Every structure is written in structure tokens, then in C-alpha cells.
Amino acid sequence: MSFQQYMQPRQRCQFQAVGEFLFVEACDGSVQITTERGEYRLKQGAQIIDPRLSGRVTVENMGEAGNVMIVCGYGRYVPPSDGREVEVTAMPRVTLAPNQPL
């Protein structure tokens, strides 16, 4: 589940969250997040981990006008790591057909 909206400074929006994490994918500056279990001020890349995260969430844009994107869900969220090295630890067997060019 995700929330995405262009928000003005100090604008508030609400959405329903269901899951175990809430991750701030994008925001300019910081956002004030209020859940039924607490209040948090988060920057882009920060997340809340709570096994009982559900219900209404209020988002307030504390930065400049811009897109605010929040991802919610179950399990453990690992954001994409563009530009980082990947270490391959295992590869499947590869069999080439006869006369197959390499």
C-alpha cells in the first residue's frame, strides 16, 4: 500500500495504513507522521517499524511544496539501492547447446 500526493508546506493529509512498516520514500525536508500509537518527524529514507501499525495516519509536510510518497506494508522493507554494488554469492549451472555462440 502506498500514499503519494503533491503537498504544499504545512498541508495535512490522511490515509489508512495496514501493515508493520511505514517508509518515507520521498519528501522535501521532513514530514510529521501521526499514527494511533505515536507521533514522528521523519526525513526521506526513514521508516517506522511497528507490528501493530494500522488505522488512520496523518501526514503533514514540514518542508517545501513537493511530492510526498509513503510506502506501508507487511514484512521488512528494504528500499532499492541504485548505484550500489551487488555481490553474487551463487550462480545456477549454465549449459550451452552444441554450436551455440558465446
# chains A, B, ... in the order shown; residues from 1 in each chain; ligands from 1
>>> residues_around(residues="A:Tyr77", least_positions_apart="4", cutoff="9 Å", atoms="only C-alpha atoms", output="PyMOL selection string")
chain A and resi 21-23+47+71-73
>>> residues_around(residues="stretch 74-76 of chain A", least_positions_apart="2", cutoff="7 Å", atoms="only C-alpha atoms", output="list in words")
Gly19, Glu20, Phe21 and Val78 of chain A
>>> residues_around(residues="stretch 5-11 of chain A", least_positions_apart="4", cutoff="6 Å", atoms="only C-alpha atoms", output="JSON list (two decimals) with all heavy atoms, in the first residue's frame")
[["chain", "number", "residue", "atom", "x", "y", "z"],
["A", 60, "GLU", "N", 1.85, 15.43, 7.61],
["A", 60, "GLU", "CA", 1.96, 16.88, 7.47],
["A", 60, "GLU", "C", 3.31, 17.19, 6.84],
["A", 60, "GLU", "O", 4.35, 16.75, 7.33],
["A", 60, "GLU", "CB", 1.85, 17.59, 8.81],
["A", 60, "GLU", "CG", 1.90, 19.09, 8.68],
["A", 60, "GLU", "CD", 1.69, 19.82, 10.00],
["A", 60, "GLU", "OE1", 1.41, 19.16, 11.03],
["A", 60, "GLU", "OE2", 1.81, 21.06, 10.01],
["A", 61, "ASN", "N", 3.28, 17.91, 5.72],
["A", 61, "ASN", "CA", 4.51, 18.28, 5.02],
["A", 61, "ASN", "C", 5.19, 19.42, 5.77],
["A", 61, "ASN", "O", 4.67, 20.53, 5.83],
["A", 61, "ASN", "CB", 4.20, 18.69, 3.58],
["A", 61, "ASN", "CG", 5.44, 19.01, 2.79],
["A", 61, "ASN", "OD1", 6.55, 18.67, 3.19],
["A", 61, "ASN", "ND2", 5.27, 19.66, 1.65],
["A", 62, "MET", "N", 6.36, 19.17, 6.32],
["A", 62, "MET", "CA", 7.09, 20.18, 7.08],
["A", 62, "MET", "C", 8.13, 20.90, 6.21],
["A", 62, "MET", "O", 8.80, 21.81, 6.67],
["A", 62, "MET", "CB", 7.79, 19.52, 8.29],
["A", 62, "MET", "CG", 6.86, 18.74, 9.19],
["A", 62, "MET", "SD", 5.47, 19.69, 9.81],
["A", 62, "MET", "CE", 6.29, 20.65, 11.06],
["A", 63, "GLY", "N", 8.27, 20.49, 4.95],
["A", 63, "GLY", "CA", 9.25, 21.09, 4.06],
["A", 63, "GLY", "C", 8.59, 21.97, 3.01],
["A", 63, "GLY", "O", 7.47, 22.44, 3.18],
["A", 64, "GLU", "N", 9.30, 22.15, 1.91],
["A", 64, "GLU", "CA", 8.78, 22.92, 0.79],
["A", 64, "GLU", "C", 7.72, 22.10, 0.04],
["A", 64, "GLU", "O", 7.60, 20.91, 0.23],
["A", 64, "GLU", "CB", 9.93, 23.28, -0.16],
["A", 64, "GLU", "CG", 11.01, 24.14, 0.47],
["A", 64, "GLU", "CD", 10.50, 25.50, 0.92],
["A", 64, "GLU", "OE1", 9.70, 26.11, 0.18],
["A", 64, "GLU", "OE2", 10.88, 25.94, 2.01],
["A", 65, "ALA", "N", 7.00, 22.77, -0.86],
["A", 65, "ALA", "CA", 6.00, 22.09, -1.67],
["A", 65, "ALA", "C", 6.68, 21.02, -2.52],
["A", 65, "ALA", "O", 7.77, 21.23, -3.05],
["A", 65, "ALA", "CB", 5.26, 23.08, -2.56],
["A", 66, "GLY", "N", 6.05, 19.86, -2.62],
["A", 66, "GLY", "CA", 6.61, 18.78, -3.43],
["A", 66, "GLY", "C", 5.87, 17.49, -3.22],
["A", 66, "GLY", "O", 4.90, 17.41, -2.46],
["A", 67, "ASN", "N", 6.34, 16.46, -3.91],
["A", 67, "ASN", "CA", 5.73, 15.14, -3.80],
["A", 67, "ASN", "C", 6.11, 14.48, -2.49],
["A", 67, "ASN", "O", 7.27, 14.49, -2.10],
["A", 67, "ASN", "CB", 6.17, 14.24, -4.96],
["A", 67, "ASN", "CG", 5.44, 14.57, -6.23],
["A", 67, "ASN", "OD1", 4.25, 14.85, -6.21],
["A", 67, "ASN", "ND2", 6.15, 14.55, -7.34],
["A", 68, "VAL", "N", 5.14, 13.89, -1.84],
["A", 68, "VAL", "CA", 5.35, 13.09, -0.64],
["A", 68, "VAL", "C", 4.89, 11.68, -0.99],
["A", 68, "VAL", "O", 3.76, 11.48, -1.43],
["A", 68, "VAL", "CB", 4.57, 13.65, 0.56],
["A", 68, "VAL", "CG1", 4.69, 12.72, 1.76],
["A", 68, "VAL", "CG2", 5.06, 15.05, 0.92]]
>>> closest_residue(among="A:Thr95, A:Thr58, A:Pro51, A:Phe3", to="A:Glu39", atoms="only C-alpha atoms")
A:Thr58
>>> select_by_dssp(residues="stretch 3-87 of chain A", states="strand (DSSP E or B)", output="ChimeraX atom specification")
/A:3-7,12-26,30-35,38-43,47-61,66-73
>>> write_last_selection(atoms="C-alpha atoms", output="PDB file, in the first residue's frame")
ATOM      1  CA  PHE A   3       0.448   7.128  -0.349  1.00  0.00           C
ATOM      2  CA  GLN A   4       1.527   9.652  -2.981  1.00  0.00           C
ATOM      3  CA  GLN A   5       0.486  13.270  -3.215  1.00  0.00           C
ATOM      4  CA  TYR A   6       1.837  16.704  -4.128  1.00  0.00           C
ATOM      5  CA  MET A   7       1.671  18.663  -0.865  1.00  0.00           C
ATOM      6  CA  ARG A  12      -2.071  17.750   6.094  1.00  0.00           C
ATOM      7  CA  CYS A  13      -3.488  14.610   4.503  1.00  0.00           C
ATOM      8  CA  GLN A  14      -4.801  11.352   5.912  1.00  0.00           C
ATOM      9  CA  PHE A  15      -4.768   7.767   4.703  1.00  0.00           C
ATOM     10  CA  GLN A  16      -5.425   4.291   6.106  1.00  0.00           C
ATOM     11  CA  ALA A  17      -2.333   2.226   6.873  1.00  0.00           C
ATOM     12  CA  VAL A  18      -2.228  -1.533   7.300  1.00  0.00           C
ATOM     13  CA  GLY A  19       0.999  -3.369   7.975  1.00  0.00           C
ATOM     14  CA  GLU A  20       4.171  -3.476  10.044  1.00  0.00           C
ATOM     15  CA  PHE A  21       6.225  -0.679   8.484  1.00  0.00           C
ATOM     16  CA  LEU A  22       5.831   2.832   7.122  1.00  0.00           C
ATOM     17  CA  PHE A  23       8.678   4.091   4.892  1.00  0.00           C
ATOM     18  CA  VAL A  24       9.139   7.681   3.673  1.00  0.00           C
ATOM     19  CA  GLU A  25      10.067   7.154   0.016  1.00  0.00           C
ATOM     20  CA  ALA A  26      10.119  10.853  -0.888  1.00  0.00           C
ATOM     21  CA  SER A  30      10.659  16.253   6.578  1.00  0.00           C
ATOM     22  CA  VAL A  31       7.143  15.049   7.308  1.00  0.00           C
ATOM     23  CA  GLN A  32       5.245  14.839  10.573  1.00  0.00           C
ATOM     24  CA  ILE A  33       3.580  11.413  10.825  1.00  0.00           C
ATOM     25  CA  THR A  34       0.850  10.830  13.393  1.00  0.00           C
ATOM     26  CA  THR A  35      -0.468   7.298  13.953  1.00  0.00           C
ATOM     27  CA  GLY A  38       2.539   7.942  18.291  1.00  0.00           C
ATOM     28  CA  GLU A  39       3.899  10.980  16.524  1.00  0.00           C
ATOM     29  CA  TYR A  40       7.083  11.010  14.452  1.00  0.00           C
ATOM     30  CA  ARG A  41       9.078  13.552  12.459  1.00  0.00           C
ATOM     31  CA  LEU A  42      10.821  11.739   9.604  1.00  0.00           C
ATOM     32  CA  LYS A  43      13.042  12.606   6.666  1.00  0.00           C
ATOM     33  CA  GLN A  47      10.841   4.378   8.490  1.00  0.00           C
ATOM     34  CA  ILE A  48       8.618   3.328  11.367  1.00  0.00           C
ATOM     35  CA  ILE A  49       8.588  -0.351  12.277  1.00  0.00           C
ATOM     36  CA  ASP A  50       5.613  -1.376  14.404  1.00  0.00           C
ATOM     37  CA  PRO A  51       3.959  -4.821  14.339  1.00  0.00           C
ATOM     38  CA  ARG A  52       0.623  -3.153  15.153  1.00  0.00           C
ATOM     39  CA  LEU A  53       0.740  -0.315  12.629  1.00  0.00           C
ATOM     40  CA  SER A  54      -2.791   0.122  11.350  1.00  0.00           C
ATOM     41  CA  GLY A  55      -5.520   2.707  11.190  1.00  0.00           C
ATOM     42  CA  ARG A  56      -5.573   6.344  10.221  1.00  0.00           C
ATOM     43  CA  VAL A  57      -2.254   8.076   9.526  1.00  0.00           C
ATOM     44  CA  THR A  58      -1.939  11.854   9.278  1.00  0.00           C
ATOM     45  CA  VAL A  59       0.898  13.236   7.156  1.00  0.00           C
ATOM     46  CA  GLU A  60       1.962  16.878   7.466  1.00  0.00           C
ATOM     47  CA  ASN A  61       4.509  18.278   5.021  1.00  0.00           C
ATOM     48  CA  GLY A  66       6.614  18.784  -3.430  1.00  0.00           C
ATOM     49  CA  ASN A  67       5.731  15.136  -3.797  1.00  0.00           C
ATOM     50  CA  VAL A  68       5.351  13.087  -0.645  1.00  0.00           C
ATOM     51  CA  MET A  69       5.478   9.322  -1.104  1.00  0.00           C
ATOM     52  CA  ILE A  70       4.992   6.821   1.720  1.00  0.00           C
ATOM     53  CA  VAL A  71       5.052   3.019   1.460  1.00  0.00           C
ATOM     54  CA  CYS A  72       3.287   0.781   4.016  1.00  0.00           C
ATOM     55  CA  GLY A  73       3.157  -2.980   4.227  1.00  0.00           C
TER      56      GLY A  73
END
